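Undergrad: The following file, target_26.cif, comprises mmCIF, C-alpha atoms:
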data_structure
#
loop_
_atom_site.group_PDB
_atom_site.id
_atom_site.type_symbol
_atom_site.label_atom_id
_atom_site.label_comp_id
_atom_site.auth_asym_id
_atom_site.auth_seq_id
_atom_site.Cartn_x
_atom_site.Cartn_y
_atom_site.Cartn_z
ATOM 1 C CA MET A 1 3.571 30.958 249.015
ATOM 2 C CA SER A 2 7.004 32.373 248.262
ATOM 3 C CA THR A 3 7.636 36.028 249.044
ATOM 4 C CA ASP A 4 10.715 36.170 246.800
ATOM 5 C CA ARG A 5 8.885 36.802 243.520
ATOM 6 C CA THR A 6 10.713 38.007 240.436
ATOM 7 C CA GLY A 7 8.953 38.906 237.195
ATOM 8 C CA PRO A 8 10.075 37.643 233.751
ATOM 9 C CA ALA A 9 11.360 41.067 232.702
ATOM 10 C CA GLU A 10 13.390 41.471 235.881
ATOM 11 C CA ARG A 11 14.721 37.915 235.559
ATOM 12 C CA LYS A 12 15.794 38.563 231.963
ATOM 13 C CA GLN A 13 17.452 41.803 232.995
ATOM 14 C CA ASP A 14 19.297 39.997 235.793
ATOM 15 C CA THR A 15 20.615 37.358 233.386
ATOM 16 C CA SER A 16 21.922 39.940 230.953
ATOM 17 C CA ALA A 17 23.713 41.684 233.819
ATOM 18 C CA ARG A 18 25.754 38.584 234.702
ATOM 19 C CA PRO A 19 29.472 39.280 234.016
ATOM 20 C CA PRO A 20 31.726 36.616 232.420
ATOM 21 C CA LEU A 21 32.458 33.850 234.929
ATOM 22 C CA VAL A 22 36.158 33.388 234.127
ATOM 23 C CA ARG A 23 36.809 37.111 234.424
ATOM 24 C CA GLU A 24 35.066 37.235 237.787
ATOM 25 C CA LEU A 25 36.969 34.211 239.105
ATOM 26 C CA LEU A 26 40.273 35.787 238.089
ATOM 27 C CA LEU A 27 39.267 39.138 239.524
ATOM 28 C CA VAL A 28 38.165 37.772 242.890
ATOM 29 C CA ALA A 29 41.213 35.494 243.134
ATOM 30 C CA GLY A 30 43.487 38.392 242.241
ATOM 31 C CA LEU A 31 41.936 40.664 244.836
ATOM 32 C CA PHE A 32 42.271 37.956 247.469
ATOM 33 C CA LEU A 33 45.931 37.419 246.555
ATOM 34 C CA VAL A 34 46.681 41.141 246.764
ATOM 35 C CA TYR A 35 45.018 41.279 250.164
ATOM 36 C CA LYS A 36 46.977 38.296 251.510
ATOM 37 C CA VAL A 37 50.283 39.697 250.248
ATOM 38 C CA GLY A 38 49.420 43.111 251.688
ATOM 39 C CA ARG A 39 48.665 41.609 255.097
ATOM 40 C CA GLN A 40 52.016 39.853 255.087
ATOM 41 C CA MET A 41 53.712 43.165 254.325
ATOM 42 C CA ALA A 42 52.220 44.488 257.572
ATOM 43 C CA ASN A 43 53.688 41.599 259.580
ATOM 44 C CA GLY A 44 56.701 41.859 261.860
ATOM 45 C CA HIS A 45 55.880 45.132 263.662
ATOM 46 C CA THR A 46 55.721 43.401 267.038
ATOM 47 C CA GLY A 47 56.592 46.315 269.308
ATOM 48 C CA GLU A 48 54.249 48.724 267.545
ATOM 49 C CA ALA A 49 51.456 46.128 267.504
ATOM 50 C CA PHE A 50 51.609 45.691 271.279
ATOM 51 C CA ARG A 51 51.825 49.426 271.928
ATOM 52 C CA ASN A 52 48.714 49.933 269.806
ATOM 53 C CA ALA A 53 47.005 47.071 271.630
ATOM 54 C CA ARG A 54 47.578 48.731 274.998
ATOM 55 C CA ARG A 55 46.187 51.995 273.605
ATOM 56 C CA VAL A 56 43.076 50.289 272.204
ATOM 57 C CA TRP A 57 42.481 48.393 275.444
ATOM 58 C CA GLY A 58 42.850 51.601 277.453
ATOM 59 C CA LEU A 59 40.543 53.518 275.103
ATOM 60 C CA GLU A 60 37.836 50.889 275.449
ATOM 61 C CA ARG A 61 37.994 51.214 279.219
ATOM 62 C CA ASP A 62 37.967 55.031 279.020
ATOM 63 C CA ILE A 63 34.792 55.055 276.919
ATOM 64 C CA HIS A 64 33.249 52.322 279.092
ATOM 65 C CA LEU A 65 32.784 49.627 276.471
ATOM 66 C CA PRO A 66 31.802 46.259 277.990
ATOM 67 C CA GLY A 67 34.709 43.979 278.764
ATOM 68 C CA GLU A 68 35.487 41.269 276.214
ATOM 69 C CA GLY A 69 35.880 38.925 279.173
ATOM 70 C CA GLY A 70 32.131 38.910 279.751
ATOM 71 C CA VAL A 71 31.538 37.172 276.408
ATOM 72 C CA GLN A 72 34.468 34.819 276.887
ATOM 73 C CA GLY A 73 33.254 33.897 280.348
ATOM 74 C CA VAL A 74 30.032 32.534 278.841
ATOM 75 C CA LEU A 75 31.992 30.400 276.373
ATOM 76 C CA LEU A 76 34.323 29.025 279.034
ATOM 77 C CA HIS A 77 31.396 27.495 280.913
ATOM 78 C CA SER A 78 31.364 24.741 278.288
ATOM 79 C CA GLU A 79 34.320 23.222 276.470
ATOM 80 C CA THR A 80 31.947 22.174 273.690
ATOM 81 C CA LEU A 81 30.768 25.758 273.279
ATOM 82 C CA VAL A 82 34.348 27.036 273.141
ATOM 83 C CA ARG A 83 35.252 24.505 270.468
ATOM 84 C CA LEU A 84 32.166 25.427 268.455
ATOM 85 C CA ALA A 85 33.130 29.101 268.665
ATOM 86 C CA ASN A 86 36.687 28.334 267.553
ATOM 87 C CA THR A 87 35.383 26.219 264.686
ATOM 88 C CA TYR A 88 33.000 28.963 263.615
ATOM 89 C CA TYR A 89 35.838 31.488 263.649
ATOM 90 C CA ALA A 90 38.147 29.224 261.658
ATOM 91 C CA SER A 91 35.766 27.760 259.082
ATOM 92 C CA VAL A 92 32.723 29.974 258.436
ATOM 93 C CA HIS A 93 34.176 33.389 257.568
ATOM 94 C CA PHE A 94 35.631 32.803 254.099
ATOM 95 C CA PRO A 95 33.349 29.968 252.828
ATOM 96 C CA ALA A 96 30.205 31.921 253.786
ATOM 97 C CA THR A 97 31.382 34.936 251.798
ATOM 98 C CA VAL A 98 32.281 32.793 248.768
ATOM 99 C CA LEU A 99 28.892 31.047 248.840
ATOM 100 C CA PHE A 100 27.180 34.431 249.167
ATOM 101 C CA LEU A 101 28.933 35.778 246.070
ATOM 102 C CA ALA A 102 28.353 32.545 244.128
ATOM 103 C CA TRP A 103 24.614 32.575 244.886
ATOM 104 C CA LEU A 104 24.288 36.222 243.909
ATOM 105 C CA TYR A 105 26.230 35.623 240.699
ATOM 106 C CA TRP A 106 23.835 32.880 239.661
ATOM 107 C CA ARG A 107 20.525 34.250 240.980
ATOM 108 C CA ARG A 108 20.984 38.032 241.308
ATOM 109 C CA PRO A 109 23.803 39.161 238.975
ATOM 110 C CA GLY A 110 23.053 42.857 239.439
ATOM 111 C CA HIS A 111 23.334 42.509 243.201
ATOM 112 C CA TYR A 112 26.442 40.374 242.756
ATOM 113 C CA VAL A 113 28.293 43.185 240.974
ATOM 114 C CA TRP A 114 27.180 45.655 243.632
ATOM 115 C CA SER A 115 28.201 43.360 246.508
ATOM 116 C CA ARG A 116 31.563 42.555 244.935
ATOM 117 C CA ARG A 117 32.319 46.260 244.588
ATOM 118 C CA VAL A 118 31.336 46.982 248.182
ATOM 119 C CA LEU A 119 33.457 44.093 249.475
ATOM 120 C CA THR A 120 36.396 45.274 247.374
ATOM 121 C CA VAL A 121 36.234 48.805 248.790
ATOM 122 C CA LEU A 122 35.775 47.475 252.336
ATOM 123 C CA THR A 123 38.685 45.047 252.059
ATOM 124 C CA GLY A 124 40.957 47.635 250.445
ATOM 125 C CA ALA A 125 40.248 50.115 253.234
ATOM 126 C CA ALA A 126 40.893 47.381 255.813
ATOM 127 C CA LEU A 127 44.247 46.570 254.195
ATOM 128 C CA VAL A 128 45.313 50.203 254.417
ATOM 129 C CA LEU A 129 44.427 50.222 258.116
ATOM 130 C CA HIS A 130 46.313 46.968 258.676
ATOM 131 C CA LEU A 131 49.408 48.606 257.184
ATOM 132 C CA LEU A 132 49.022 51.839 259.162
ATOM 133 C CA LEU A 133 47.939 50.338 262.484
ATOM 134 C CA PRO A 134 49.413 46.922 263.319
ATOM 135 C CA LEU A 135 47.511 45.646 266.332
ATOM 136 C CA ALA A 136 48.009 42.622 268.559
ATOM 137 C CA PRO A 137 44.698 40.882 269.339
ATOM 138 C CA PRO A 138 43.437 40.731 272.942
ATOM 139 C CA ARG A 139 44.460 37.070 273.290
ATOM 140 C CA MET A 140 48.099 38.235 273.116
ATOM 141 C CA LEU A 141 47.811 41.124 275.548
ATOM 142 C CA ALA A 142 48.424 40.030 279.137
ATOM 143 C CA ALA A 143 46.553 43.039 280.535
ATOM 144 C CA THR A 144 43.256 41.691 279.201
ATOM 145 C CA GLY A 145 43.418 38.490 281.238
ATOM 146 C CA LEU A 146 41.793 36.651 278.328
ATOM 147 C CA VAL A 147 42.415 33.070 277.232
ATOM 148 C CA ASP A 148 43.655 32.209 273.746
ATOM 149 C CA THR A 149 40.840 29.735 273.227
ATOM 150 C CA GLY A 150 42.201 28.553 269.879
ATOM 151 C CA GLN A 151 45.537 27.464 271.343
ATOM 152 C CA VAL A 152 44.050 26.038 274.539
ATOM 153 C CA TYR A 153 40.973 24.240 273.220
ATOM 154 C CA GLY A 154 41.372 24.188 269.427
ATOM 155 C CA PRO A 155 40.932 24.355 266.570
ATOM 156 C CA THR A 156 43.008 27.380 265.603
ATOM 157 C CA VAL A 157 44.123 28.920 262.316
ATOM 158 C CA TYR A 158 47.153 30.620 263.868
ATOM 159 C CA GLY A 159 50.613 29.405 264.802
ATOM 160 C CA ALA A 160 51.676 29.413 268.435
ATOM 161 C CA ALA A 161 54.508 31.860 267.655
ATOM 162 C CA PRO A 162 53.140 34.963 265.862
ATOM 163 C CA ALA A 163 56.522 36.064 264.546
ATOM 164 C CA ALA A 164 57.070 32.675 262.887
ATOM 165 C CA ASP A 165 53.542 32.301 261.518
ATOM 166 C CA SER A 166 53.960 32.336 257.740
ATOM 167 C CA MET A 167 50.283 31.621 257.029
ATOM 168 C CA ALA A 168 48.676 34.685 258.627
ATOM 169 C CA ASN A 169 49.463 38.119 260.007
ATOM 170 C CA GLN A 170 48.333 37.932 263.604
ATOM 171 C CA PHE A 171 48.909 41.663 264.093
ATOM 172 C CA ALA A 172 46.083 42.668 261.719
ATOM 173 C CA ALA A 173 43.297 42.759 264.293
ATOM 174 C CA MET A 174 41.797 46.103 263.282
ATOM 175 C CA PRO A 175 39.375 46.154 261.597
ATOM 176 C CA SER A 176 37.696 42.784 262.013
ATOM 177 C CA LEU A 177 36.929 41.608 258.493
ATOM 178 C CA HIS A 178 35.163 38.638 260.049
ATOM 179 C CA VAL A 179 32.546 41.117 261.237
ATOM 180 C CA GLY A 180 32.718 43.384 258.170
ATOM 181 C CA TRP A 181 32.268 40.575 255.653
ATOM 182 C CA ALA A 182 29.566 38.869 257.725
ATOM 183 C CA LEU A 183 27.582 42.107 257.942
ATOM 184 C CA MET A 184 27.912 42.657 254.191
ATOM 185 C CA VAL A 185 26.663 39.113 253.560
ATOM 186 C CA ALA A 186 23.576 39.914 255.640
ATOM 187 C CA VAL A 187 23.050 43.312 254.004
ATOM 188 C CA GLY A 188 23.498 41.834 250.532
ATOM 189 C CA LEU A 189 21.037 39.006 251.101
ATOM 190 C CA ILE A 190 18.467 41.343 252.637
ATOM 191 C CA ALA A 191 18.791 43.653 249.613
ATOM 192 C CA ALA A 192 18.629 40.820 247.069
ATOM 193 C CA THR A 193 15.651 38.888 248.486
ATOM 194 C CA ARG A 194 12.057 39.698 249.398
ATOM 195 C CA SER A 195 11.214 37.111 252.028
ATOM 196 C CA ARG A 196 9.674 38.492 255.190
ATOM 197 C CA TRP A 197 12.238 36.386 257.082
ATOM 198 C CA ARG A 198 15.259 38.037 255.465
ATOM 199 C CA PRO A 199 16.158 40.167 258.551
ATOM 200 C CA LEU A 200 17.199 36.874 260.173
ATOM 201 C CA TRP A 201 20.349 37.044 258.045
ATOM 202 C CA LEU A 202 21.569 39.584 260.618
ATOM 203 C CA LEU A 203 22.097 36.654 262.981
ATOM 204 C CA HIS A 204 25.223 35.795 260.990
ATOM 205 C CA PRO A 205 27.114 39.026 261.824
ATOM 206 C CA LEU A 206 25.735 38.954 265.376
ATOM 207 C CA VAL A 207 27.045 35.430 266.005
ATOM 208 C CA THR A 208 30.316 36.358 264.283
ATOM 209 C CA LEU A 209 30.723 39.383 266.566
ATOM 210 C CA LEU A 210 30.214 37.282 269.700
ATOM 211 C CA VAL A 211 32.613 34.633 268.395
ATOM 212 C CA VAL A 212 35.485 36.976 267.487
ATOM 213 C CA VAL A 213 35.205 38.755 270.840
ATOM 214 C CA GLY A 214 34.632 35.626 272.924
ATOM 215 C CA THR A 215 37.632 33.828 271.418
ATOM 216 C CA ALA A 216 39.774 36.934 272.143
ATOM 217 C CA ASN A 217 40.700 37.385 268.507
ATOM 218 C CA HIS A 218 39.266 40.910 268.335
ATOM 219 C CA TYR A 219 38.414 43.909 270.465
ATOM 220 C CA TRP A 220 34.998 45.536 270.370
ATOM 221 C CA LEU A 221 36.628 48.481 268.601
ATOM 222 C CA ASP A 222 37.820 46.191 265.792
ATOM 223 C CA ALA A 223 34.186 45.392 265.040
ATOM 224 C CA ILE A 224 33.058 49.010 265.389
ATOM 225 C CA VAL A 225 35.694 50.172 262.916
ATOM 226 C CA ALA A 226 34.707 47.389 260.490
ATOM 227 C CA VAL A 227 31.072 48.517 260.588
ATOM 228 C CA ALA A 228 32.154 52.121 260.011
ATOM 229 C CA LEU A 229 34.269 51.108 257.006
ATOM 230 C CA LEU A 230 31.373 49.103 255.564
ATOM 231 C CA ALA A 231 29.072 52.101 255.986
ATOM 232 C CA GLY A 232 31.628 54.192 254.112
ATOM 233 C CA ALA A 233 31.899 51.617 251.330
ATOM 234 C CA LEU A 234 28.106 51.512 250.963
ATOM 235 C CA ALA A 235 28.025 55.311 250.817
ATOM 236 C CA VAL A 236 30.667 55.333 248.069
ATOM 237 C CA ILE A 237 29.143 52.540 245.957
ATOM 238 C CA GLY A 238 25.492 53.450 246.533
ATOM 239 C CA LEU A 239 22.426 51.240 246.213
ATOM 240 C CA PRO A 240 22.150 48.239 243.882
ATOM 241 C CA ARG A 241 21.665 49.808 240.449
ATOM 242 C CA GLN A 242 19.287 47.157 239.139
ATOM 243 C CA ARG A 243 16.587 47.488 241.828
ATOM 244 C CA ARG A 244 16.763 51.267 241.791
ATOM 245 C CA ARG A 245 16.286 51.330 238.005
ATOM 246 C CA GLY A 246 13.371 48.908 238.228
ATOM 247 C CA SER A 247 11.544 51.078 240.744
ATOM 248 C CA LEU A 248 11.954 54.122 238.493
ATOM 249 C CA VAL A 249 10.438 52.222 235.578
ATOM 250 C CA VAL A 250 7.377 51.288 237.632
ATOM 251 C CA ARG A 251 6.785 54.864 238.765
ATOM 252 C CA SER A 252 7.175 56.352 235.277
ATOM 253 C CA ALA A 253 4.966 53.781 233.536
ATOM 254 C CA VAL A 254 1.740 54.645 235.380
ATOM 255 C CA PRO A 255 1.237 58.233 234.189
ATOM 256 C CA GLU A 256 2.160 57.319 230.601
ATOM 257 C CA ARG A 257 -0.663 54.758 230.434
ATOM 258 C CA THR A 258 -3.335 56.569 232.427
ATOM 259 C CA ALA A 259 -2.946 60.048 230.948
ATOM 260 C CA PRO A 260 -4.454 59.196 227.509
ATOM 261 C CA LEU A 261 -7.396 57.386 229.161
ATOM 262 C CA VAL A 262 -8.224 60.406 231.271
ATOM 263 C CA ALA A 263 -7.979 62.717 228.284
ATOM 264 C CA SER A 264 -10.235 60.539 226.112
ATOM 265 C CA GLY A 265 -12.758 60.191 228.918
ATOM 266 C CA THR A 266 -13.152 63.951 229.392
ATOM 267 C CA ALA A 267 -13.209 64.966 225.701
ATOM 268 C CA ARG A 268 -16.694 65.516 224.259
#
Could I get this structure in the form of structure tokens?
TA:
Amino acid sequence: MSTDRTGPAERKQDTSARPPLVRELLLVAGLFLVYKVGRQMANGHTGEAFRNARRVWGLERDIHLPGEGGVQGVLLHSETLVRLANTYYASVHFPATVLFLAWLYWRRPGHYVWSRRVLTVLTGAALVLHLLLPLAPPRMLAATGLVDTGQVYGPTVYGAAPAADSMANQFAAMPSLHVGWALMVAVGLIAATRSRWRPLWLLHPLVTLLVVVGTANHYWLDAIVAVALLAGALAVIGLPRQRRRGSLVVRSAVPERTAPLVASGTAR
């Protein structure tokens, strides 16, 4: 028996809340384009990026965060495992988020609008931080002793020479949007569904966290900052409006129907 039950009234309300598809496609594509252009604007600050990387690495040691090398050491025990981690890093992040938004748009339009707004605020805040704090990832910092698993084992989405990489800004390590988006996908699916198994969606951000750290693409602090930014975005946007409104309707309907019955039963 399915635990994801939706009544006819709620389903009708969801359908009416679905925004125009073309407008949403243009909006999402436009936001993605702005983000990519903004990341490129933050490129080229090589000296500053490495200075910030040394500061972040030192801060992690000062506050006794676990070494990123512990996660990478597990991956390096198996070349197959390393390649799987690299593939996950390169191919899951963006498609998973697109599929998440597409499913919500079709099945839970109210939650789609909410999730799109949260992701927009999160990504905008991340872009500002990329511009203010260029940061070389741990795979580039010799002090970490970590292996660039993408370059050594493949596959990788980055060029071998960061300064000449026209496809991506490799100095935009903080925050980790891999972690931020993955966590929002899990939060959004947990909020939009009713299955008792829905907490398992949290495995996606957990695996993503281990992958981005184990492949030396991100520091622990990159993930921590991403989670903090997502928490801020959720605080700004609030809860999904549709579910909150539905719960208010249920609570207000009971006294309206029972009050006349009580009155008629006691009148003589």
Undergrad: At a cut-off of 12 Å, using only C-alpha atoms, what residues contact Asn217 in chain A? Leave out same-chain residues fewer than 5 positions from it and give the result as a ChimeraX atom specification.
TA: /A:53,68-69,72,85-86,89-90,135-141,144,146-151,156-158,170-179,208-212,222-223
Undergrad: List the residues matched by the PyMOL selection byres ((chain A and resi 22-32) around 10) in the displayed structure as a list of chain:residue names, ordered by chain and then by residue number.
TA: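 Going through the file, the PyMOL selection byres ((chain A and resi 22-32) around 10) ends up selecting A:Arg18, A:Pro19, A:Pro20, A:Leu21, A:Leu33, A:Val34, A:Tyr35, A:Lys36, A:Val37, A:Gly38, A:Val98, A:Leu101, A:Tyr105, A:Val113, A:Arg116, A:Thr120, A:Thr123, A:Gly124.
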Undergrad: So what do you get for CA of Gly58 in chain A versus CA of Ala216 in chain A, distance-wise?
TA: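 These two atoms are separated by 15.9 Å.
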Undergrad: Around (37.6, 53.6, 273.8) in the file's own coordinates, what residues are found within 12 Å if you use all atoms listed in the file, given back as a list in words?
TA: Ala53, Arg54, Arg55, Val56, Trp57, Gly58, Leu59, Glu60, Arg61, Asp62, Ile63, His64, Leu65, Pro66, Gly67, Tyr219, Trp220, Leu221, Asp222, Ile224 and Val225 of chain A
Undergrad: Considering only C-alpha atoms, return as number ranges by chain whatever protein or nucleic-acid residues lie within 12 Å of Ala235 in chain A, sequence-local ones (same chain, fewer than 4 positions apart) excluded.
TA: A: 117-118, 121-122, 228-231, 239-240
Undergrad: For each of A:Leu206, A:Val74, A:Ala161, A:Val236, take the minimum atom-to-atom distance to Thr46 in chain A, counting all atoms listed in the file, then give the residue where this is smallest.
TA: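 Going through A:Leu206, A:Val74, A:Ala161, A:Val236 one by one, the smallest distance to Thr46 in chain A is for A:Ala161.
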Undergrad: List, as a ChimeraX atom specification, every residue that the PyMOL selection byres ((chain A and resi 188) around 9) selects in the file provided.
TA: /A:100,104,111-112,114-115,183-187,189-193
Undergrad: Calculate how many Å separate CA of Gly232 in chain A from CA of Ala126 in chain A, rounding to one decimal.
TA: 11.6 Å
Undergrad: Which residue gives the smallest distance to Arg83 in chain A among A:Gly154, A:Pro205, A:Gly180, A:Gly214, with all atoms listed in the file counted?
TA: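 When distances to Arg83 in chain A are compared using all atoms listed in the file, the smallest one comes from A:Gly154.
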Undergrad: Might I get the box with edges along x, y and z of the file that holds all atoms of range 23-41 of chain A listed there, padded by 4 Å on every side, given as centre and edge lengths in Å to one decimal, as JSON?
TA:
{"center_x": 44.4, "center_y": 38.7, "center_z": 244.8, "size_x": 26.6, "size_y": 17.0, "size_z": 28.7}
Undergrad: Work out how far apart CA of Val213 in chain A and CA of Thr80 in chain A are and give it in Å to one decimal.
TA: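 Taking CA of Val213 in chain A as the start and CA of Thr80 in chain A as the end point, the length is 17.1 Å.
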Undergrad: Pick the closest to Thr87 in chain A from A:Ile237, A:Pro155, A:Leu200, A:Asn169: which is it, counting only C-alpha atoms?
TA: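 Of A:Ile237, A:Pro155, A:Leu200, A:Asn169, the one nearest Thr87 in chain A is A:Pro155, counting only C-alpha atoms.
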Undergrad: Using all atoms listed in the file, which of A:Ala49, A:Val227, A:Leu75, A:Leu234 sits nearest Leu132 in chain A?
TA: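 Answer, going by the shortest atom-to-atom distance: A:Ala49.
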